[in-house]
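Structure first, commentary second.
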Amino acid sequence: MTGGDYLLLSIRSNHWAAIASGRKRVELRRVRPVRAEPGMRVLVYSSGEDMSLVGGAVIGKVIEAPVAELWPSVRTRASVSSDEFTAYFRGSALGYAIVLKEVWTMVVPITLRDLRRRWPRFVPP
């Protein structure tokens, strides 16, 4: 990893709010993001009404496990109910939990419009 390597993740606004407040410490995924490794810096694009680059974090670790085994290891850190977890992973054999640390928020988020002014072909992840 070089000094400028970042992983751009799109996270729903309500989940980002939980991460930023410290209530949620893992981001759940059905597919492991390419290059998601411990120590990788993450930039967060908040989808939904925000449509902005809102902050970031550092990946502490990535947990890969059968879905049935993943829930017990993340239930207190995922900020979702058992029903939400089950619905999200329905049809998936494996699940991934990206453990986030060193979370920070931008004082002024960068809107999608501003991102596209700078990079006209920018497409949110």
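The chains in the structure tokens are called A, B, ... from first to last as shown; in each chain the residues are counted from 1, and the ligands are counted from 1 in the order shown.
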Find the residues near stretch 23-32 of chain A: any atom within 9 Å, counting only C-alpha atoms, skip ones fewer than 2 places away on the same chain, and give them as a PyMOL selection string.
-> chain A and resi 11+15-21+34-36+62+64+74+76-80+85+88-89+92-101
Could you write those residues out with N, CA and C atoms, as a short mmCIF file (atom, residue, chain, number, x, y, z; two decimals), in the first residue's frame?
```cif
data_model
loop_
_atom_site.label_atom_id
_atom_site.label_comp_id
_atom_site.auth_asym_id
_atom_site.auth_seq_id
_atom_site.Cartn_x
_atom_site.Cartn_y
_atom_site.Cartn_z
N ILE A 11 -21.87 3.91 1.59
CA ILE A 11 -22.59 3.44 2.79
C ILE A 11 -23.85 4.27 2.93
N HIS A 15 -26.53 4.23 8.12
CA HIS A 15 -25.42 3.41 8.61
C HIS A 15 -24.19 4.29 8.87
N TRP A 16 -23.96 5.28 8.00
CA TRP A 16 -22.83 6.18 8.25
C TRP A 16 -23.04 6.95 9.55
N ALA A 17 -24.25 7.40 9.81
CA ALA A 17 -24.53 8.13 11.06
C ALA A 17 -24.20 7.25 12.27
N ALA A 18 -24.53 5.97 12.18
CA ALA A 18 -24.23 5.04 13.28
C ALA A 18 -22.72 4.82 13.41
N ILE A 19 -22.02 4.76 12.30
CA ILE A 19 -20.56 4.60 12.33
C ILE A 19 -19.92 5.85 12.92
N ALA A 20 -20.32 7.01 12.43
CA ALA A 20 -19.74 8.27 12.90
C ALA A 20 -19.97 8.50 14.39
N SER A 21 -21.10 8.01 14.90
CA SER A 21 -21.41 8.19 16.33
C SER A 21 -20.74 7.13 17.20
N VAL A 34 -12.77 -5.21 -3.30
CA VAL A 34 -11.43 -5.44 -3.81
C VAL A 34 -10.45 -4.61 -2.99
N ARG A 35 -9.37 -5.19 -2.61
CA ARG A 35 -8.29 -4.55 -1.86
C ARG A 35 -8.63 -4.21 -0.41
N ALA A 36 -9.74 -4.68 0.10
CA ALA A 36 -10.08 -4.39 1.50
C ALA A 36 -9.19 -5.22 2.40
N VAL A 62 -10.81 -7.60 8.31
CA VAL A 62 -11.96 -8.04 7.52
C VAL A 62 -12.28 -9.46 7.96
N GLU A 64 -14.32 -12.79 7.27
CA GLU A 64 -15.02 -13.57 6.25
C GLU A 64 -15.51 -14.84 6.92
N VAL A 74 -20.51 -10.39 15.17
CA VAL A 74 -20.68 -8.96 14.86
C VAL A 74 -21.94 -8.33 15.45
N THR A 76 -23.05 -7.31 18.23
CA THR A 76 -22.99 -6.17 19.15
C THR A 76 -22.31 -4.95 18.52
N ARG A 77 -21.75 -5.14 17.31
CA ARG A 77 -21.00 -4.04 16.68
C ARG A 77 -21.61 -3.59 15.35
N ALA A 78 -22.64 -4.28 14.86
CA ALA A 78 -23.17 -4.02 13.52
C ALA A 78 -24.30 -2.99 13.48
N SER A 79 -24.93 -2.72 14.61
CA SER A 79 -26.01 -1.74 14.69
C SER A 79 -27.18 -2.09 13.75
N VAL A 80 -27.44 -3.40 13.63
CA VAL A 80 -28.61 -3.88 12.90
C VAL A 80 -29.25 -4.99 13.73
N PHE A 85 -30.15 -8.28 9.56
CA PHE A 85 -28.97 -9.06 9.16
C PHE A 85 -29.39 -10.22 8.25
N TYR A 88 -30.62 -9.01 4.83
CA TYR A 88 -29.52 -8.51 4.01
C TYR A 88 -28.72 -9.66 3.39
N PHE A 89 -28.45 -10.70 4.16
CA PHE A 89 -27.61 -11.79 3.68
C PHE A 89 -28.41 -12.95 3.06
N SER A 92 -27.03 -15.56 0.47
CA SER A 92 -25.56 -15.53 0.47
C SER A 92 -25.03 -16.62 1.39
N ALA A 93 -24.03 -17.33 0.93
CA ALA A 93 -23.40 -18.35 1.77
C ALA A 93 -22.35 -17.72 2.69
N LEU A 94 -21.58 -16.78 2.14
CA LEU A 94 -20.54 -16.10 2.90
C LEU A 94 -20.91 -14.65 3.15
N GLY A 95 -20.43 -14.12 4.25
CA GLY A 95 -20.61 -12.71 4.55
C GLY A 95 -19.29 -12.11 4.99
N TYR A 96 -19.22 -10.80 4.90
CA TYR A 96 -17.99 -10.08 5.25
C TYR A 96 -18.34 -8.95 6.20
N ALA A 97 -17.49 -8.75 7.17
CA ALA A 97 -17.63 -7.64 8.12
C ALA A 97 -16.32 -6.87 8.10
N ILE A 98 -16.40 -5.61 7.72
CA ILE A 98 -15.22 -4.75 7.70
C ILE A 98 -15.20 -4.00 9.02
N VAL A 99 -14.22 -4.33 9.85
CA VAL A 99 -14.09 -3.69 11.15
C VAL A 99 -13.40 -2.34 10.95
N LEU A 100 -14.07 -1.27 11.36
CA LEU A 100 -13.56 0.08 11.15
C LEU A 100 -12.98 0.67 12.43
N LYS A 101 -11.88 1.37 12.28
CA LYS A 101 -11.29 2.08 13.41
C LYS A 101 -10.84 3.45 12.93
#
```
Nearby residues (only C-alpha atoms) at most 10 Å from A:Pro125, same-chain spacing under 3 positions excluded, as a count of residues only | 9
Tell me which protein, DNA and RNA residues are within 8 Å of A:Arg41, counting only C-alpha atoms, leaving out same-chain ones fewer than 3 positions away, and put them as a CSV table (one decimal) with N, CA and C atoms, in the first residue's frame.
```
chain,number,residue,atom,x,y,z
A,5,ASP,N,-3.2,5.4,-1.2
A,5,ASP,CA,-4.2,4.3,-1.5
A,5,ASP,C,-5.4,4.5,-0.5
A,6,TYR,N,-6.6,4.5,-1.1
A,6,TYR,CA,-7.8,4.6,-0.4
A,6,TYR,C,-8.8,3.7,-1.0
A,7,LEU,N,-9.7,3.2,-0.2
A,7,LEU,CA,-10.8,2.4,-0.7
A,7,LEU,C,-12.1,3.3,-0.6
A,56,GLY,N,-14.3,9.1,6.7
A,56,GLY,CA,-13.4,7.9,6.5
A,56,GLY,C,-13.1,7.2,7.7
A,57,ALA,N,-12.2,6.2,7.5
A,57,ALA,CA,-11.8,5.3,8.6
A,57,ALA,C,-10.6,4.5,8.1
A,58,VAL,N,-10.1,3.7,9.0
A,58,VAL,CA,-9.1,2.7,8.7
A,58,VAL,C,-9.7,1.3,8.9
A,59,ILE,N,-9.4,0.4,8.0
A,59,ILE,CA,-9.8,-1.0,8.2
A,59,ILE,C,-9.0,-1.7,9.3
```
